[in-house]
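To be precise, the following lines are run-v7.csv, and they hold CSV, C-alpha atoms and all ligand atoms.
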```
chain,number,residue,atom,x,y,z
A,1,MET,CA,-20.0,6.0,3.7
A,2,LYS,CA,-21.0,9.3,2.0
A,3,ASN,CA,-19.6,12.7,2.9
A,4,SER,CA,-21.6,15.9,3.1
A,5,SER,CA,-21.5,16.4,-0.7
A,6,GLY,CA,-22.7,12.8,-1.3
A,7,ALA,CA,-19.4,11.4,-2.5
A,8,SER,CA,-18.3,8.0,-1.1
A,9,GLN,CA,-15.4,8.3,1.3
A,10,GLY,CA,-13.5,6.5,4.0
A,11,THR,CA,-11.3,7.2,7.0
A,12,ILE,CA,-7.9,5.6,7.0
A,13,THR,CA,-6.3,4.9,10.4
A,14,ALA,CA,-2.9,6.4,9.6
A,15,GLU,CA,0.1,8.2,11.1
A,16,PRO,CA,0.5,10.9,12.2
A,17,GLU,CA,-3.3,11.1,12.3
A,18,PRO,CA,-6.4,9.5,10.6
A,19,ILE,CA,-7.3,10.9,7.2
A,20,ASP,CA,-10.7,11.1,5.5
A,21,LEU,CA,-10.5,10.5,1.7
A,22,ALA,CA,-13.2,10.8,-1.0
A,23,TRP,CA,-12.5,7.8,-3.2
A,24,SER,CA,-13.6,9.5,-6.4
A,25,THR,CA,-10.7,12.0,-6.0
A,26,THR,CA,-8.2,9.3,-4.9
A,27,ALA,CA,-5.9,7.2,-7.1
A,28,LEU,CA,-3.9,4.1,-6.3
A,29,LEU,CA,-0.3,4.8,-7.5
A,30,ILE,CA,1.9,1.7,-7.8
A,31,ILE,CA,5.6,2.6,-8.3
A,32,ASP,CA,7.9,0.5,-10.4
A,33,MET,CA,6.9,-3.0,-9.5
A,34,GLN,CA,9.0,-4.2,-12.5
A,35,ARG,CA,11.0,-7.3,-13.1
A,36,ASP,CA,14.1,-5.1,-13.3
A,37,PHE,CA,13.9,-4.3,-9.6
A,38,LEU,CA,12.3,-7.5,-8.2
A,39,GLU,CA,13.9,-10.4,-10.2
A,40,PRO,CA,17.4,-11.6,-10.5
A,41,GLY,CA,19.4,-10.4,-13.5
A,42,GLY,CA,17.8,-6.9,-13.6
A,43,PHE,CA,18.8,-3.4,-12.8
A,44,GLY,CA,18.4,-3.8,-9.0
A,45,GLU,CA,20.7,-6.8,-8.9
A,46,THR,CA,23.3,-5.2,-11.1
A,47,LEU,CA,23.6,-2.5,-8.5
A,48,GLY,CA,24.6,-5.2,-6.0
A,49,ASN,CA,21.3,-5.6,-4.2
A,50,ASP,CA,19.5,-8.6,-2.8
A,51,VAL,CA,16.3,-8.4,-4.9
A,52,SER,CA,14.5,-10.9,-2.6
A,53,GLN,CA,14.1,-8.0,-0.1
A,54,LEU,CA,11.4,-6.5,-2.3
A,55,ALA,CA,9.1,-9.6,-2.5
A,56,ARG,CA,7.3,-8.8,0.7
A,57,ALA,CA,5.5,-5.8,-0.9
A,58,VAL,CA,3.8,-7.9,-3.6
A,59,GLN,CA,1.0,-9.5,-1.6
A,60,PRO,CA,-0.1,-6.2,0.3
A,61,ILE,CA,-0.1,-4.3,-3.0
A,62,GLY,CA,-2.1,-7.1,-4.7
A,63,ALA,CA,-4.7,-6.9,-1.9
A,64,VAL,CA,-5.1,-3.1,-2.2
A,65,LEU,CA,-5.1,-3.3,-6.0
A,66,ALA,CA,-8.0,-5.9,-5.9
A,67,ALA,CA,-9.9,-3.6,-3.6
A,68,ALA,CA,-9.3,-0.5,-5.8
A,69,ARG,CA,-10.5,-2.5,-8.9
A,70,ASP,CA,-13.5,-3.5,-7.0
A,71,ILE,CA,-14.6,0.0,-6.0
A,72,GLY,CA,-13.6,1.5,-9.4
A,73,MET,CA,-10.7,3.6,-8.1
A,74,LEU,CA,-8.3,5.0,-10.7
A,75,VAL,CA,-5.2,2.9,-10.8
A,76,VAL,CA,-1.9,4.3,-12.1
A,77,HIS,CA,1.2,2.1,-12.5
A,78,THR,CA,4.7,3.6,-13.2
A,79,ARG,CA,7.8,2.0,-14.8
A,80,GLU,CA,11.3,3.4,-14.6
A,81,GLY,CA,13.2,3.0,-17.8
A,82,HIS,CA,14.8,4.5,-20.8
A,83,LEU,CA,14.4,4.7,-24.6
A,84,PRO,CA,16.4,2.1,-26.6
A,85,ASP,CA,18.7,4.9,-27.9
A,86,LEU,CA,19.3,6.1,-24.3
A,87,SER,CA,18.5,9.7,-25.4
A,88,ASP,CA,16.5,10.2,-22.1
A,89,ALA,CA,19.2,8.7,-19.9
A,90,PRO,CA,21.6,11.3,-18.5
A,91,PRO,CA,25.3,10.2,-18.8
A,92,ALA,CA,25.6,10.9,-15.1
A,93,LYS,CA,23.0,8.2,-14.4
A,94,ILE,CA,24.5,5.6,-16.8
A,95,GLU,CA,28.0,6.1,-15.6
A,96,ARG,CA,27.1,6.0,-11.9
A,97,GLY,CA,28.9,3.6,-9.6
A,98,ALA,CA,30.5,0.3,-10.7
A,99,PRO,CA,27.6,-2.0,-11.5
A,100,ARG,CA,28.1,-5.4,-13.1
A,101,SER,CA,26.1,-4.2,-16.1
A,102,ARG,CA,25.1,-0.7,-17.0
A,103,ILE,CA,21.7,0.7,-18.2
A,104,GLY,CA,21.3,-0.5,-21.8
A,105,ASP,CA,23.7,-3.5,-21.5
A,106,PRO,CA,22.3,-6.9,-22.4
A,107,GLY,CA,21.1,-9.1,-19.5
A,108,PRO,CA,19.0,-12.2,-19.0
A,109,MET,CA,15.8,-10.2,-19.2
A,110,GLY,CA,16.9,-8.1,-22.1
A,111,ARG,CA,18.7,-4.8,-22.1
A,112,ILE,CA,18.9,-3.4,-18.5
A,113,LEU,CA,16.2,-0.8,-17.7
A,114,ILE,CA,15.2,-0.3,-21.3
A,115,ARG,CA,11.5,0.3,-22.3
A,116,GLY,CA,10.0,-2.7,-24.1
A,117,GLU,CA,12.4,-5.2,-22.8
A,118,PRO,CA,11.1,-8.1,-20.6
A,119,GLY,CA,12.9,-6.8,-17.5
A,120,HIS,CA,11.2,-3.4,-17.8
A,121,ASP,CA,7.7,-5.0,-17.6
A,122,ILE,CA,5.6,-5.1,-14.5
A,123,ILE,CA,5.6,-8.4,-12.5
A,124,SER,CA,2.8,-10.8,-13.5
A,125,GLU,CA,1.2,-10.7,-10.0
A,126,LEU,CA,0.4,-7.0,-10.4
A,127,TYR,CA,0.0,-6.7,-14.1
A,128,PRO,CA,-2.0,-3.7,-15.2
A,129,LEU,CA,-5.4,-4.1,-16.8
A,130,ASP,CA,-5.9,-2.5,-20.2
A,131,SER,CA,-8.2,0.1,-18.5
A,132,GLU,CA,-5.4,1.2,-16.1
A,133,ILE,CA,-2.9,3.9,-16.7
A,134,VAL,CA,0.8,3.1,-17.1
A,135,ILE,CA,3.3,6.0,-17.0
A,136,ASP,CA,6.9,5.5,-18.1
A,137,LYS,CA,9.4,7.7,-16.3
A,138,PRO,CA,13.1,8.3,-16.9
A,139,GLY,CA,13.8,9.4,-13.4
A,140,LYS,CA,13.2,8.4,-9.8
A,141,GLY,CA,10.3,10.7,-9.3
A,142,ALA,CA,7.1,9.9,-11.2
A,143,PHE,CA,6.3,13.6,-12.0
A,144,TYR,CA,9.7,14.4,-13.6
A,145,ALA,CA,9.4,14.4,-17.5
A,146,THR,CA,6.1,12.6,-17.5
A,147,GLU,CA,2.4,13.2,-18.1
A,148,MET,CA,1.6,12.3,-14.4
A,149,ASN,CA,0.3,15.7,-13.3
A,150,ASP,CA,-1.8,16.2,-16.4
A,151,VAL,CA,-3.3,12.7,-16.1
A,152,LEU,CA,-4.2,13.2,-12.4
A,153,THR,CA,-5.6,16.6,-13.1
A,154,LYS,CA,-7.8,15.2,-15.9
A,155,TYR,CA,-9.3,12.7,-13.6
A,156,GLY,CA,-9.8,15.2,-10.7
A,157,ILE,CA,-7.4,13.4,-8.4
A,158,GLU,CA,-6.5,15.1,-5.1
A,159,ASN,CA,-5.2,12.2,-3.1
A,160,LEU,CA,-2.8,9.3,-3.7
A,161,LEU,CA,-2.5,5.9,-2.1
A,162,VAL,CA,1.2,5.3,-2.9
A,163,CYS,CA,3.0,1.9,-2.8
A,164,GLY,CA,5.8,0.2,-4.7
A,165,VAL,CA,9.6,0.1,-4.7
A,166,THR,CA,11.9,1.2,-3.4
A,167,THR,CA,10.7,3.1,-0.3
A,168,GLU,CA,13.6,5.6,0.0
A,169,VAL,CA,14.2,6.0,-3.7
A,170,CYS,CA,11.3,6.2,-6.2
A,171,VAL,CA,8.5,6.1,-3.6
A,172,ASN,CA,10.0,8.9,-1.5
A,173,THR,CA,11.0,11.0,-4.5
A,174,THR,CA,7.5,10.7,-6.0
A,175,VAL,CA,5.8,11.5,-2.7
A,176,ARG,CA,7.9,14.6,-2.3
A,177,GLU,CA,7.1,15.7,-5.8
A,178,ALA,CA,3.4,15.0,-5.3
A,179,ASN,CA,3.3,16.8,-1.9
A,180,ASP,CA,4.8,19.9,-3.5
A,181,ARG,CA,2.0,19.8,-6.2
A,182,GLY,CA,-0.7,19.7,-3.5
A,183,TYR,CA,-1.6,16.0,-3.5
A,184,ARG,CA,-2.4,14.3,-0.1
A,185,CYS,CA,-0.3,11.1,-0.1
A,186,VAL,CA,-1.0,8.1,2.0
A,187,VAL,CA,2.0,5.7,1.8
A,188,ILE,CA,1.1,2.1,2.3
A,189,SER,CA,3.9,0.9,4.7
A,190,ASP,CA,3.8,-2.9,3.9
A,191,GLY,CA,3.2,-2.1,0.2
A,192,CYS,CA,6.6,-0.6,-0.1
A,193,ALA,CA,10.0,-2.2,0.3
A,194,SER,CA,13.7,-1.4,0.1
A,195,TYR,CA,16.8,-3.4,-0.5
A,196,PHE,CA,17.8,-2.0,2.9
A,197,PRO,CA,15.3,-2.7,5.6
A,198,GLU,CA,16.6,0.2,7.7
A,199,PHE,CA,16.1,2.6,4.8
A,200,HIS,CA,12.5,1.4,4.5
A,201,GLU,CA,11.9,2.2,8.1
A,202,MET,CA,13.5,5.6,7.9
A,203,GLY,CA,11.9,6.4,4.6
A,204,LEU,CA,8.5,6.0,6.1
A,205,LYS,CA,9.5,7.9,9.2
A,206,MET,CA,10.6,10.9,7.1
A,207,ILE,CA,7.2,11.0,5.4
A,208,LYS,CA,5.1,11.1,8.6
A,209,ALA,CA,7.3,13.1,10.9
A,210,GLN,CA,6.6,16.8,11.8
A,211,GLY,CA,2.9,16.4,11.5
A,212,GLY,CA,3.1,14.6,8.2
A,213,ILE,CA,5.6,16.8,6.5
A,214,PHE,CA,5.3,14.8,3.2
A,215,GLY,CA,2.1,12.8,3.9
A,216,TRP,CA,0.6,10.0,5.9
A,217,VAL,CA,1.6,6.4,6.5
A,218,ALA,CA,-0.8,3.5,6.9
A,219,ASP,CA,-0.6,-0.3,6.5
A,220,SER,CA,-2.5,-2.2,3.9
A,221,GLY,CA,-4.9,-3.5,6.5
A,222,ALA,CA,-6.0,0.0,7.5
A,223,VAL,CA,-6.4,1.0,3.9
A,224,LEU,CA,-8.4,-2.1,3.0
A,225,LYS,CA,-10.6,-1.6,6.0
A,226,ALA,CA,-11.5,1.9,4.9
A,227,MET,CA,-11.9,0.9,1.3
A,228,GLN,CA,-14.0,-2.2,2.0
A,229,MET,CA,-16.6,-0.1,3.9
A,230,GLU,CA,-17.5,0.8,0.3
A,231,THR,CA,-19.7,-1.4,-1.8
A,232,SER,CA,-18.6,-1.4,-5.3
A,233,SER,CA,-21.9,0.0,-6.4
A,234,ASN,CA,-21.4,3.1,-4.3
A,235,LEU,CA,-18.4,4.4,-6.2
A,236,LYS,CA,-19.2,2.9,-9.6
A,237,ALA,CA,-22.7,4.4,-9.5
A,238,GLY,CA,-21.2,7.9,-9.0
A,239,ALA,CA,-18.1,7.4,-11.2
A,240,SER,CA,-17.8,9.3,-14.4
A,241,ARG,CA,-14.8,7.4,-15.8
B,1,LIG,N1,18.0,1.5,-6.6
B,1,LIG,C1,16.9,1.7,-6.0
B,1,LIG,O1,16.7,1.5,-4.8
B,1,LIG,N2,15.8,2.1,-6.7
B,1,LIG,C2,15.8,2.6,-8.0
B,1,LIG,O2,16.8,2.7,-8.7
B,1,LIG,N3,14.5,2.9,-8.6
B,1,LIG,C3,13.3,2.8,-7.9
B,1,LIG,O3,13.3,3.0,-6.6
B,1,LIG,N4,12.2,2.5,-8.6
```

Turn this file's structure into structure tokens for me.
Ligand code: TIU
Amino acid sequence: MKNSSGASQGTITAEPEPIDLAWSTTALLIIDMQRDFLEPGGFGETLGNDVSQLARAVQPIGAVLAAARDIGMLVVHTREGHLPDLSDAPPAKIERGAPRSRIGDPGPMGRILIRGEPGHDIISELYPLDSEIVIDKPGKGAFYATEMNDVLTKYGIENLLVCGVTTEVCVNTTVREANDRGYRCVVISDGCASYFPEFHEMGLKMIKAQGGIFGWVADSGAVLKAMQMETSSNLKAGASR
């Protein structure tokens, strides 16, 4: 479907209300789908979590990622992690709690939450293409101490389809940062997961409450339905990237 200015767009059935998005100004933002959070022996497990709770988000994200690739939508992946010398890791983060291993300690997937280590990498099912953008972030929010805003501005992005892990930590922090910077965020409910199912539910409710105080929430089926009304030629023919 084309909007009045000729750009291809779709309407996503979302809460608190449907939202119309022009695909050329929309990016798919996949937060921290890293082995360190989803696989045994990584950062998530050292914090005492059951990492199997996050597996449910993989298939829905994979489906939306395939559709985004098909219509030529900008795809941005993020990874939480730190430099090998830990110079970007605040002591207050390293020292937090009583984990079995701390950030930078050796583990079965290399040093915990350190850039370049096997555990820091994105899971194979959602591995970025060379043409896609990967942003490394030291914090929970994807805008803090990263090039995120510059990259999105360069590509003319105004809207974000947001998914990844965990719902109430890095997804929520990033959506709040994005919302304050003027982006419309649609969070893909089944494309997010938490180690705590109740936090997942509340994390989504916090986003869509009060008329969508931080953004919109839609499931992957609704997002796919809106995207698949596009033919790949529609967007690719008009795409400048
Ligand atoms: N611990 C937890 O739930 N999450 C994080 O530490 N990082 C992200 O959410 N990516």

- Message: Using all atoms listed in the file, which residues have at least one atom no more than 7 Å from ligand LIG 1 (chain B)? Output them as a VMD selection string.
- Response: chain A and resid 31 to 32 44 80 140 165 to 167 169 to 171 194 to 195

- Task: May I have the residues within 7 Å of Gly10 of chain A as a PyMOL selection string, using only C-alpha atoms and disregarding those fewer than 6 positions away in the same chain?
- Result: chain A and resi 1+20-22+226-227

Those residues you just picked out, can you put them in a file as a PDB file, in the frame of the given file with C-alpha atoms?
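Output file part-v4.pdb is given in full below:
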```pdb
ATOM      1  CA  MET A   1     -20.000   6.000   3.700  1.00  0.00           C
ATOM      2  CA  ASP A  20     -10.700  11.100   5.500  1.00  0.00           C
ATOM      3  CA  LEU A  21     -10.500  10.500   1.700  1.00  0.00           C
ATOM      4  CA  ALA A  22     -13.200  10.800  -1.000  1.00  0.00           C
ATOM      5  CA  ALA A 226     -11.500   1.900   4.900  1.00  0.00           C
ATOM      6  CA  MET A 227     -11.900   0.900   1.300  1.00  0.00           C
TER       7      MET A 227
END
```

- re atom CA of Ile207 of chain A and atom CA of Arg176 of chain A: distance 8.5 Å

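Going from atom CA of Ser8 of chain A over to atom CA of Ile30 of chain A, you cover 22.2 Å.
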
Long-range neighbours of Ala145 of chain A as a PDB file with C-alpha atoms, in the coordinates of the input, 10 Å cut-off, only C-alpha atoms, 6 positions minimum in chain:
```pdb
ATOM      1  CA  ASP A  88      16.500  10.200 -22.100  1.00  0.00           C
ATOM      2  CA  ASP A 136       6.900   5.500 -18.100  1.00  0.00           C
ATOM      3  CA  LYS A 137       9.400   7.700 -16.300  1.00  0.00           C
ATOM      4  CA  PRO A 138      13.100   8.300 -16.900  1.00  0.00           C
ATOM      5  CA  GLY A 139      13.800   9.400 -13.400  1.00  0.00           C
TER       6      GLY A 139
END
```

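Atom CA of Ala222 of chain A is positioned 12.8 Å from atom CA of Ile61 of chain A.
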
- Task: Find, counting all atoms listed in the file, the residue in A:Ala14, A:Asp70, A:Ser124, A:Gly41 that gets nearest to Asp105 of chain A.
- Result: A:Gly41

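Between Pro40 of chain A and the residues A:Val76, A:Leu28, A:Leu224, A:Met109, the shortest atom-to-atom distance, using only C-alpha atoms, involves A:Met109.
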
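Ranking A:Ser220, A:Gln34, A:Gln228, A:Thr25 by their shortest atom-to-atom distance to Gly116 of chain A, with only C-alpha atoms included, puts A:Gln34 first.
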
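Of the listed residues (A:Asp50, A:Glu125, A:Asp219, A:Glu201), A:Asp219 comes nearest to Val187 of chain A; the distances count only C-alpha atoms.
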
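Taking only C-alpha atoms into account, the polymer residues that have an atom no farther than 12 Å from (7.9, -8.0, -19.5) are Met33, Gln34, Arg35, Asp36, Glu39, Gly42, Arg79, Pro108, Met109, Gly110, Arg111, Ile112, Leu113, Ile114, Arg115, Gly116, Glu117, Pro118, Gly119, His120, Asp121, Ile122, Ile123, Ser124, Glu125, Leu126, Tyr127 and Pro128 of chain A.
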
Could you save those same residues with C-alpha atoms as a CSV table (one decimal), in the coordinates of the input?
```csv
chain,number,residue,atom,x,y,z
A,33,MET,CA,6.9,-3.0,-9.5
A,34,GLN,CA,9.0,-4.2,-12.5
A,35,ARG,CA,11.0,-7.3,-13.1
A,36,ASP,CA,14.1,-5.1,-13.3
A,39,GLU,CA,13.9,-10.4,-10.2
A,42,GLY,CA,17.8,-6.9,-13.6
A,79,ARG,CA,7.8,2.0,-14.8
A,108,PRO,CA,19.0,-12.2,-19.0
A,109,MET,CA,15.8,-10.2,-19.2
A,110,GLY,CA,16.9,-8.1,-22.1
A,111,ARG,CA,18.7,-4.8,-22.1
A,112,ILE,CA,18.9,-3.4,-18.5
A,113,LEU,CA,16.2,-0.8,-17.7
A,114,ILE,CA,15.2,-0.3,-21.3
A,115,ARG,CA,11.5,0.3,-22.3
A,116,GLY,CA,10.0,-2.7,-24.1
A,117,GLU,CA,12.4,-5.2,-22.8
A,118,PRO,CA,11.1,-8.1,-20.6
A,119,GLY,CA,12.9,-6.8,-17.5
A,120,HIS,CA,11.2,-3.4,-17.8
A,121,ASP,CA,7.7,-5.0,-17.6
A,122,ILE,CA,5.6,-5.1,-14.5
A,123,ILE,CA,5.6,-8.4,-12.5
A,124,SER,CA,2.8,-10.8,-13.5
A,125,GLU,CA,1.2,-10.7,-10.0
A,126,LEU,CA,0.4,-7.0,-10.4
A,127,TYR,CA,0.0,-6.7,-14.1
A,128,PRO,CA,-2.0,-3.7,-15.2
```

- For Ile19 of chain A: contacts at 9 Å, only C-alpha atoms, fewer than 3 positions along chain excluded, given as a list in words: Gly10, Thr11, Ile12, Thr13, Ala14, Glu15, Val186 and Trp216 of chain A

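Remark: for Gly141 of chain A, the closest of the candidate residues A:Val175, A:Val64, A:Ile213, A:Met73 is A:Val175 (distances computed over only C-alpha atoms).
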
Could you check which residues have any atom within 10 Å of (2.7, 12.8, 15.8), counting all atoms listed in the file with coordinates taken straight from the file, and then list them as an mmCIF file with C-alpha atoms, in the coordinates of the input?
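For reference, point09.cif as written:
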```cif
data_model
loop_
_atom_site.group_PDB
_atom_site.id
_atom_site.type_symbol
_atom_site.label_atom_id
_atom_site.label_comp_id
_atom_site.auth_asym_id
_atom_site.auth_seq_id
_atom_site.Cartn_x
_atom_site.Cartn_y
_atom_site.Cartn_z
ATOM 1 C CA GLU A 15 0.100 8.200 11.100
ATOM 2 C CA PRO A 16 0.500 10.900 12.200
ATOM 3 C CA GLU A 17 -3.300 11.100 12.300
ATOM 4 C CA LYS A 208 5.100 11.100 8.600
ATOM 5 C CA ALA A 209 7.300 13.100 10.900
ATOM 6 C CA GLN A 210 6.600 16.800 11.800
ATOM 7 C CA GLY A 211 2.900 16.400 11.500
ATOM 8 C CA GLY A 212 3.100 14.600 8.200
#
```
